[in-house]
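> Sharing upload_37.pdb here; it has PDB, C-alpha atoms and all ligand atoms.
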```
ATOM      1  CA  MET A   1       0.000   0.000   0.000  1.00  0.00           C
ATOM      2  CA  LYS A   2       1.491   3.331  -1.051  1.00  0.00           C
ATOM      3  CA  THR A   3       1.402   5.592   1.981  1.00  0.00           C
ATOM      4  CA  GLY A   4       1.875   9.358   2.091  1.00  0.00           C
ATOM      5  CA  ILE A   5       2.591  11.106   5.383  1.00  0.00           C
ATOM      6  CA  ILE A   6       1.769  14.764   4.860  1.00  0.00           C
ATOM      7  CA  ILE A   7       3.065  17.029   7.598  1.00  0.00           C
ATOM      8  CA  TYR A   8       2.971  20.670   8.490  1.00  0.00           C
ATOM      9  CA  SER A   9       5.365  21.388  11.357  1.00  0.00           C
ATOM     10  CA  ARG A  10       6.665  24.778  12.425  1.00  0.00           C
ATOM     11  CA  THR A  11       9.020  23.829  15.266  1.00  0.00           C
ATOM     12  CA  ASN A  12       9.579  20.192  14.243  1.00  0.00           C
ATOM     13  CA  ASN A  13       7.583  18.371  16.942  1.00  0.00           C
ATOM     14  CA  THR A  14       5.001  17.021  14.502  1.00  0.00           C
ATOM     15  CA  VAL A  15       7.538  16.076  11.845  1.00  0.00           C
ATOM     16  CA  THR A  16       9.557  14.127  14.439  1.00  0.00           C
ATOM     17  CA  VAL A  17       6.476  11.985  15.097  1.00  0.00           C
ATOM     18  CA  GLY A  18       5.895  11.695  11.333  1.00  0.00           C
ATOM     19  CA  GLU A  19       9.477  10.472  10.777  1.00  0.00           C
ATOM     20  CA  ARG A  20       9.163   7.842  13.503  1.00  0.00           C
ATOM     21  CA  LEU A  21       5.878   6.706  12.010  1.00  0.00           C
ATOM     22  CA  ALA A  22       7.452   6.497   8.541  1.00  0.00           C
ATOM     23  CA  GLU A  23      10.253   4.354   9.924  1.00  0.00           C
ATOM     24  CA  ALA A  24       7.786   2.015  11.689  1.00  0.00           C
ATOM     25  CA  LEU A  25       5.748   1.640   8.496  1.00  0.00           C
ATOM     26  CA  ARG A  26       8.869   0.903   6.424  1.00  0.00           C
ATOM     27  CA  ILE A  27       9.904  -1.798   8.888  1.00  0.00           C
ATOM     28  CA  LYS A  28       6.473  -3.382   8.275  1.00  0.00           C
ATOM     29  CA  GLY A  29       7.192  -3.323   4.544  1.00  0.00           C
ATOM     30  CA  HIS A  30       5.105  -0.330   3.474  1.00  0.00           C
ATOM     31  CA  ASP A  31       6.102   2.013   0.701  1.00  0.00           C
ATOM     32  CA  VAL A  32       6.138   5.354   2.565  1.00  0.00           C
ATOM     33  CA  THR A  33       6.863   8.920   1.546  1.00  0.00           C
ATOM     34  CA  LEU A  34       6.931  11.807   4.002  1.00  0.00           C
ATOM     35  CA  ARG A  35       6.228  15.210   2.487  1.00  0.00           C
ATOM     36  CA  ARG A  36       6.152  18.565   4.239  1.00  0.00           C
ATOM     37  CA  ILE A  37       3.798  21.459   3.672  1.00  0.00           C
ATOM     38  CA  THR A  38       5.460  24.882   3.788  1.00  0.00           C
ATOM     39  CA  ALA A  39       4.119  28.413   3.692  1.00  0.00           C
ATOM     40  CA  ALA A  40       5.637  31.814   2.976  1.00  0.00           C
ATOM     41  CA  ASN A  41       4.125  33.366   6.071  1.00  0.00           C
ATOM     42  CA  ASP A  42       3.797  30.905   8.933  1.00  0.00           C
ATOM     43  CA  ASP A  43       5.010  33.277  11.599  1.00  0.00           C
ATOM     44  CA  PRO A  44       2.202  33.271  14.206  1.00  0.00           C
ATOM     45  CA  GLN A  45       2.334  37.096  14.243  1.00  0.00           C
ATOM     46  CA  SER A  46       1.890  37.396  10.482  1.00  0.00           C
ATOM     47  CA  ARG A  47      -1.409  38.715   9.214  1.00  0.00           C
ATOM     48  CA  GLY A  48      -3.212  38.087   5.981  1.00  0.00           C
ATOM     49  CA  PRO A  49      -4.049  34.865   4.195  1.00  0.00           C
ATOM     50  CA  VAL A  50      -1.632  31.920   4.266  1.00  0.00           C
ATOM     51  CA  VAL A  51       0.452  31.591   1.094  1.00  0.00           C
ATOM     52  CA  LEU A  52       1.376  27.934   0.616  1.00  0.00           C
ATOM     53  CA  LEU A  53       4.751  27.144  -0.966  1.00  0.00           C
ATOM     54  CA  GLU A  54       5.011  23.330  -0.831  1.00  0.00           C
ATOM     55  CA  LYS A  55       1.581  21.715  -1.372  1.00  0.00           C
ATOM     56  CA  PRO A  56       2.279  17.966  -1.628  1.00  0.00           C
ATOM     57  CA  ASP A  57       0.274  16.177  -4.304  1.00  0.00           C
ATOM     58  CA  ILE A  58      -1.390  13.164  -2.677  1.00  0.00           C
ATOM     59  CA  SER A  59      -2.938  11.571  -5.752  1.00  0.00           C
ATOM     60  CA  ALA A  60      -0.407   8.695  -5.820  1.00  0.00           C
ATOM     61  CA  TYR A  61      -1.120   7.440  -2.278  1.00  0.00           C
ATOM     62  CA  ASP A  62      -3.649   4.799  -1.187  1.00  0.00           C
ATOM     63  CA  TYR A  63      -3.304   5.623   2.510  1.00  0.00           C
ATOM     64  CA  ILE A  64      -2.765   9.215   3.594  1.00  0.00           C
ATOM     65  CA  ILE A  65      -1.723  10.369   7.063  1.00  0.00           C
ATOM     66  CA  PHE A  66      -2.093  14.068   7.848  1.00  0.00           C
ATOM     67  CA  GLY A  67      -0.128  15.532  10.778  1.00  0.00           C
ATOM     68  CA  ALA A  68      -0.103  19.116  12.065  1.00  0.00           C
ATOM     69  CA  PRO A  69       0.200  21.194  15.228  1.00  0.00           C
ATOM     70  CA  VAL A  70      -2.567  22.861  17.193  1.00  0.00           C
ATOM     71  CA  GLN A  71      -2.396  26.634  17.128  1.00  0.00           C
ATOM     72  CA  ALA A  72      -4.711  28.960  19.046  1.00  0.00           C
ATOM     73  CA  PHE A  73      -7.008  26.106  20.183  1.00  0.00           C
ATOM     74  CA  SER A  74      -7.572  25.017  16.610  1.00  0.00           C
ATOM     75  CA  LEU A  75      -5.852  23.375  13.641  1.00  0.00           C
ATOM     76  CA  SER A  76      -2.844  25.453  12.496  1.00  0.00           C
ATOM     77  CA  PRO A  77      -3.827  27.963   9.777  1.00  0.00           C
ATOM     78  CA  VAL A  78      -1.257  26.526   7.324  1.00  0.00           C
ATOM     79  CA  MET A  79      -2.834  23.057   7.563  1.00  0.00           C
ATOM     80  CA  LYS A  80      -6.310  24.566   7.218  1.00  0.00           C
ATOM     81  CA  ALA A  81      -5.180  26.321   4.035  1.00  0.00           C
ATOM     82  CA  TYR A  82      -3.636  23.103   2.685  1.00  0.00           C
ATOM     83  CA  MET A  83      -6.784  21.065   3.369  1.00  0.00           C
ATOM     84  CA  ALA A  84      -8.941  23.752   1.747  1.00  0.00           C
ATOM     85  CA  GLN A  85      -7.142  23.429  -1.614  1.00  0.00           C
ATOM     86  CA  LEU A  86      -7.055  19.614  -1.857  1.00  0.00           C
ATOM     87  CA  ALA A  87      -8.768  17.759  -4.685  1.00  0.00           C
ATOM     88  CA  PRO A  88     -11.438  15.112  -3.872  1.00  0.00           C
ATOM     89  CA  LEU A  89     -10.041  12.023  -2.138  1.00  0.00           C
ATOM     90  CA  GLY A  90     -12.329   9.468  -3.793  1.00  0.00           C
ATOM     91  CA  GLY A  91     -12.856   7.177  -0.789  1.00  0.00           C
ATOM     92  CA  LYS A  92      -9.163   6.896   0.128  1.00  0.00           C
ATOM     93  CA  LYS A  93      -8.202   5.744   3.610  1.00  0.00           C
ATOM     94  CA  VAL A  94      -6.961   8.609   5.791  1.00  0.00           C
ATOM     95  CA  ALA A  95      -5.568   8.946   9.315  1.00  0.00           C
ATOM     96  CA  CYS A  96      -4.886  12.219  11.115  1.00  0.00           C
ATOM     97  CA  PHE A  97      -2.866  13.259  14.121  1.00  0.00           C
ATOM     98  CA  VAL A  98      -1.992  16.509  15.821  1.00  0.00           C
ATOM     99  CA  THR A  99       0.560  17.598  18.401  1.00  0.00           C
ATOM    100  CA  GLN A 100      -0.233  20.194  21.020  1.00  0.00           C
ATOM    101  CA  GLN A 101       1.606  21.703  23.961  1.00  0.00           C
ATOM    102  CA  PHE A 102      -1.118  21.357  26.566  1.00  0.00           C
ATOM    103  CA  LYS A 103      -2.035  18.117  28.281  1.00  0.00           C
ATOM    104  CA  ARG A 104      -5.767  18.144  27.637  1.00  0.00           C
ATOM    105  CA  PRO A 105      -7.425  17.318  24.302  1.00  0.00           C
ATOM    106  CA  TRP A 106     -10.048  20.042  24.790  1.00  0.00           C
ATOM    107  CA  MET A 107      -7.245  22.646  24.703  1.00  0.00           C
ATOM    108  CA  GLY A 108      -7.199  22.580  20.915  1.00  0.00           C
ATOM    109  CA  GLY A 109      -6.498  18.954  20.000  1.00  0.00           C
ATOM    110  CA  ASN A 110     -10.122  17.867  19.666  1.00  0.00           C
ATOM    111  CA  GLN A 111     -10.960  20.964  17.633  1.00  0.00           C
ATOM    112  CA  ALA A 112      -7.983  20.375  15.321  1.00  0.00           C
ATOM    113  CA  ILE A 113      -8.833  16.700  14.799  1.00  0.00           C
ATOM    114  CA  GLY A 114     -12.452  17.724  14.175  1.00  0.00           C
ATOM    115  CA  HIS A 115     -11.316  20.139  11.468  1.00  0.00           C
ATOM    116  CA  LEU A 116      -9.090  17.530   9.775  1.00  0.00           C
ATOM    117  CA  THR A 117     -11.869  14.930   9.945  1.00  0.00           C
ATOM    118  CA  ARG A 118     -14.545  17.231   8.529  1.00  0.00           C
ATOM    119  CA  SER A 119     -12.241  18.450   5.727  1.00  0.00           C
ATOM    120  CA  THR A 120     -11.276  14.879   4.800  1.00  0.00           C
ATOM    121  CA  GLU A 121     -14.860  13.613   4.857  1.00  0.00           C
ATOM    122  CA  GLY A 122     -15.989  16.668   2.903  1.00  0.00           C
ATOM    123  CA  LEU A 123     -13.559  15.578   0.182  1.00  0.00           C
ATOM    124  CA  GLY A 124     -14.888  12.021   0.221  1.00  0.00           C
ATOM    125  CA  GLY A 125     -11.989  10.503   2.203  1.00  0.00           C
ATOM    126  CA  ALA A 126     -12.560   7.875   4.908  1.00  0.00           C
ATOM    127  CA  VAL A 127     -10.973   8.726   8.272  1.00  0.00           C
ATOM    128  CA  SER A 128     -10.037   5.477   9.971  1.00  0.00           C
ATOM    129  CA  GLN A 129      -7.771   6.624  12.830  1.00  0.00           C
ATOM    130  CA  THR A 130      -6.980   9.837  14.693  1.00  0.00           C
ATOM    131  CA  GLY A 131      -4.550  10.696  17.480  1.00  0.00           C
ATOM    132  CA  ILE A 132      -3.304  13.536  19.667  1.00  0.00           C
ATOM    133  CA  VAL A 133       0.179  13.865  21.205  1.00  0.00           C
ATOM    134  CA  HIS A 134       0.412  16.180  24.212  1.00  0.00           C
ATOM    135  CA  TRP A 135       3.946  17.500  24.009  1.00  0.00           C
ATOM    136  CA  SER A 136       4.303  18.668  27.633  1.00  0.00           C
ATOM    137  CA  SER A 137       2.864  15.456  29.059  1.00  0.00           C
ATOM    138  CA  THR A 138       5.078  13.016  30.926  1.00  0.00           C
ATOM    139  CA  ALA A 139       3.179  10.348  28.962  1.00  0.00           C
ATOM    140  CA  ARG A 140       4.322  11.792  25.619  1.00  0.00           C
ATOM    141  CA  GLU A 141       6.493   8.827  24.629  1.00  0.00           C
ATOM    142  CA  GLU A 142       3.675   6.432  25.471  1.00  0.00           C
ATOM    143  CA  GLN A 143       1.231   8.517  23.401  1.00  0.00           C
ATOM    144  CA  ILE A 144       3.617   8.524  20.431  1.00  0.00           C
ATOM    145  CA  GLY A 145       4.105   4.761  20.773  1.00  0.00           C
ATOM    146  CA  ARG A 146       0.333   4.148  20.848  1.00  0.00           C
ATOM    147  CA  LEU A 147      -0.208   6.421  17.850  1.00  0.00           C
ATOM    148  CA  ILE A 148       2.491   4.655  15.828  1.00  0.00           C
ATOM    149  CA  SER A 149       1.083   1.202  16.665  1.00  0.00           C
ATOM    150  CA  ALA A 150      -2.479   2.244  15.795  1.00  0.00           C
ATOM    151  CA  LEU A 151      -1.487   3.836  12.493  1.00  0.00           C
ATOM    152  CA  THR A 152       0.808   1.013  11.410  1.00  0.00           C
ATOM    153  CA  GLU A 153      -1.917  -1.575  12.163  1.00  0.00           C
ATOM    154  CA  ASN A 154      -4.361   0.620  10.297  1.00  0.00           C
ATOM    155  CA  ALA A 155      -2.057   0.643   7.270  1.00  0.00           C
ATOM    156  CA  SER A 156      -2.177  -3.143   7.053  1.00  0.00           C
ATOM    157  CA  ALA A 157      -5.921  -3.503   7.696  1.00  0.00           C
ATOM    158  CA  GLY A 158      -7.783  -4.156   4.488  1.00  0.00           C
ATOM    159  CA  ALA A 159      -4.596  -3.846   2.426  1.00  0.00           C
ATOM    160  CA  VAL A 160      -4.569  -5.482  -0.960  1.00  0.00           C
ATOM    161  CA  ASP A 161      -1.594  -6.886  -2.796  1.00  0.00           C
ATOM    162  CA  GLY A 162      -0.690  -6.075  -6.383  1.00  0.00           C
ATOM    163  CA  SER A 163      -3.240  -8.563  -7.716  1.00  0.00           C
ATOM    164  CA  GLY A 164      -6.074  -6.901  -5.832  1.00  0.00           C
ATOM    165  CA  ASN A 165      -6.340  -9.753  -3.309  1.00  0.00           C
ATOM    166  CA  ALA A 166      -6.667  -8.948   0.370  1.00  0.00           C
ATOM    167  CA  ARG A 167      -3.506  -9.728   2.323  1.00  0.00           C
TER     168      ARG A 167
HETATM  169  C1  LIG B   1       1.038  30.316  17.535  1.00  0.00           C
HETATM  170  C2  LIG B   1       0.957  29.061  18.366  1.00  0.00           C
HETATM  171  C3  LIG B   1      -0.243  28.749  19.002  1.00  0.00           C
HETATM  172  C4  LIG B   1      -0.348  27.585  19.773  1.00  0.00           C
HETATM  173  N1  LIG B   1      -1.545  27.283  20.365  1.00  0.00           N
HETATM  174  C5  LIG B   1      -1.668  26.136  21.100  1.00  0.00           C
HETATM  175  C6  LIG B   1      -2.927  25.775  21.692  1.00  0.00           C
HETATM  176  O1  LIG B   1      -3.943  26.464  21.541  1.00  0.00           O
HETATM  177  N2  LIG B   1      -2.994  24.634  22.412  1.00  0.00           N
HETATM  178  C7  LIG B   1      -1.892  23.828  22.605  1.00  0.00           C
HETATM  179  O2  LIG B   1      -2.024  22.806  23.288  1.00  0.00           O
HETATM  180  N3  LIG B   1      -0.699  24.139  22.041  1.00  0.00           N
HETATM  181  C8  LIG B   1      -0.568  25.257  21.289  1.00  0.00           C
HETATM  182  N4  LIG B   1       0.641  25.566  20.695  1.00  0.00           N
HETATM  183  C9  LIG B   1       1.774  24.646  20.865  1.00  0.00           C
HETATM  184  C10 LIG B   1       1.938  23.694  19.665  1.00  0.00           C
HETATM  185  O3  LIG B   1       0.725  23.082  19.297  1.00  0.00           O
HETATM  186  C11 LIG B   1       2.928  22.573  20.022  1.00  0.00           C
HETATM  187  O4  LIG B   1       4.138  23.098  20.471  1.00  0.00           O
HETATM  188  C12 LIG B   1       3.131  21.677  18.813  1.00  0.00           C
HETATM  189  O5  LIG B   1       3.686  20.450  19.235  1.00  0.00           O
HETATM  190  C13 LIG B   1       4.057  22.330  17.788  1.00  0.00           C
HETATM  191  O6  LIG B   1       4.221  21.481  16.699  1.00  0.00           O
HETATM  192  P1  LIG B   1       5.315  21.745  15.575  1.00  0.00           P
HETATM  193  O7  LIG B   1       6.674  21.760  16.276  1.00  0.00           O
HETATM  194  O8  LIG B   1       5.189  20.596  14.667  1.00  0.00           O
HETATM  195  O9  LIG B   1       5.030  23.057  14.928  1.00  0.00           O
HETATM  196  C14 LIG B   1       0.771  26.720  19.920  1.00  0.00           C
HETATM  197  C15 LIG B   1       1.981  27.053  19.271  1.00  0.00           C
HETATM  198  C16 LIG B   1       2.076  28.207  18.509  1.00  0.00           C
HETATM  199  C17 LIG B   1       3.372  28.540  17.815  1.00  0.00           C
END
```
Could the structure of this file be written out as structure tokens, please?
Ligand SMILES: Cc1cc2nc3c(=O)[nH]c(=O)nc-3n(C[C@H](O)[C@H](O)[C@H](O)COP(=O)(O)O)c2cc1C


Amino acid sequence: MKTGIIIYSRTNNTVTVGERLAEALRIKGHDVTLRRITAANDDPQSRGPVVLLEKPDISAYDYIIFGAPVQAFSLSPVMKAYMAQLAPLGGKKVACFVTQQFKRPWMGGNQAIGHLTRSTEGLGGAVSQTGIVHWSSTAREEQIGRLISALTENASAGAVDGSGNAR
């Protein structure tokens, strides 16, 4: 299954999780590409609409994992802008995760996952897993480990081999 991990990360927390996830998926034999979204103006103080620079094309992937940080109790504006310009997903399997500083999901994580889920479903994608990593939590490593296990299992579930037969 061709998997694309699509990450926006300003201070590299989210991309660190994405890289560990990519490694875990490769060990399980998946064909994984990690691509980053970038923007011209992702300084939190900057005003005006987000101007995306790198907008990874996801058409080649069968399984897509979106990862982004929480900003201002919501999904980061750069990720919102990226999701808003995506083409229809045609029933593809999608997973989403976010990282946030605070230890409670209601401090932005749930809202951010809600936004990613609604955007994906609005484009006809099927969200099969979501996760939140609380960066300041003492349980952070455990949360990352659980997320990686859930998303790697999810990658194998319902996978088909080259002949179209379920593995
Ligand atoms: C402008 C800004 C706003 C933020 N707002 C929140 C927030 O509302 N809730 C939260 O838990 N963390 C918040 N954070 C912290 C980030 O979500 C957290 O550090 C995240 O792991 C950063 O991911 P990144 O390194 O991939 O950019 C904010 C960070 C920035 C820069």

> Have a look at atom C10 of ligand LIG 1 (chain B) and atom CA of Ser136 of chain A and let me know their distance in Å, one decimal.

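Straight-line distance from atom C10 of ligand LIG 1 (chain B) to atom CA of Ser136 of chain A works out to 9.7 Å.
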
> If you count only C-alpha atoms and all ligand atoms, which residues end up within 9 Å of ligand LIG 1 (chain B), as a ChimeraX atom specification?

/A:7-17,43-45,67-76,98-109,133-136

> For the atom pair atom CA of Ala112 of chain A and atom CA of Ser128 of chain A, what is the interatomic distance in Å to one decimal place?

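Those two atoms sit 16.0 Å apart.
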
> Of the candidates A:Arg146, A:Lys2, A:Arg140, A:Lys92, which one gets nearest to Leu123 of chain A if we count only C-alpha atoms?

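Ranking A:Arg146, A:Lys2, A:Arg140, A:Lys92 by distance to Leu123 of chain A, first place goes to A:Lys92.
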
> Just say which residues the PyMOL selection byres (((chain A and resi 53-63) around 6) and not hetatm) picks in this file, as a list in words.

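What the PyMOL selection byres (((chain A and resi 53-63) around 6) and not hetatm) grabs from the file is Lys2, Thr3, Gly4, Ile37, Thr38, Ala39, Leu52, Ile64, Lys93 and Val94 of chain A.
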
> What is the atom CA of Ala40 of chain A-atom CA of Gln85 of chain A distance in Å, reported with one decimal?

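So the two atoms, atom CA of Ala40 of chain A and atom CA of Gln85 of chain A, lie 16.0 Å apart.
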
> Counting all atoms listed in the file, I want the residues whose atoms come within 9 Å of (-14.3, 7.7, 9.2) in the file frame, returned as an NGL selection string.

:A and (93-95 or 117 or 120-121 or 125-129)

> Can you write just those residues out, C-alpha atoms, as a PDB file, in the frame of the given file?


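Saved the output as part_25.pdb:
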```pdb
ATOM      1  CA  LYS A  93      -8.202   5.744   3.610  1.00  0.00           C
ATOM      2  CA  VAL A  94      -6.961   8.609   5.791  1.00  0.00           C
ATOM      3  CA  ALA A  95      -5.568   8.946   9.315  1.00  0.00           C
ATOM      4  CA  THR A 117     -11.869  14.930   9.945  1.00  0.00           C
ATOM      5  CA  THR A 120     -11.276  14.879   4.800  1.00  0.00           C
ATOM      6  CA  GLU A 121     -14.860  13.613   4.857  1.00  0.00           C
ATOM      7  CA  GLY A 125     -11.989  10.503   2.203  1.00  0.00           C
ATOM      8  CA  ALA A 126     -12.560   7.875   4.908  1.00  0.00           C
ATOM      9  CA  VAL A 127     -10.973   8.726   8.272  1.00  0.00           C
ATOM     10  CA  SER A 128     -10.037   5.477   9.971  1.00  0.00           C
ATOM     11  CA  GLN A 129      -7.771   6.624  12.830  1.00  0.00           C
TER      12      GLN A 129
END
```

> Which centre and which edge lengths, in Å to one decimal, describe the axis-aligned box that holds all listed atoms of segment 11-27 of chain A after 4 Å is added on each side, as JSON?


```
{"center_x": 7.6, "center_y": 11.0, "center_z": 11.7, "size_x": 13.3, "size_y": 33.6, "size_z": 18.5}
```

> Apply the PyMOL selection byres (((chain A and resi 147) around 9) and not hetatm) to the structure shown and report the selected residues as a PyMOL selection string.

chain A and resi 21+97+130-133+142-146+148-152

> For Pro49 of chain A, please output as a PDB file with C-alpha atoms, in the coordinates of the input all residues within 9 Å (counting only C-alpha atoms; exclusion window: fewer than 5 positions along the same chain).


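Final file, around.pdb:
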```pdb
ATOM      1  CA  ASN A  41       4.125  33.366   6.071  1.00  0.00           C
ATOM      2  CA  PRO A  77      -3.827  27.963   9.777  1.00  0.00           C
ATOM      3  CA  ALA A  81      -5.180  26.321   4.035  1.00  0.00           C
TER       4      ALA A  81
END
```
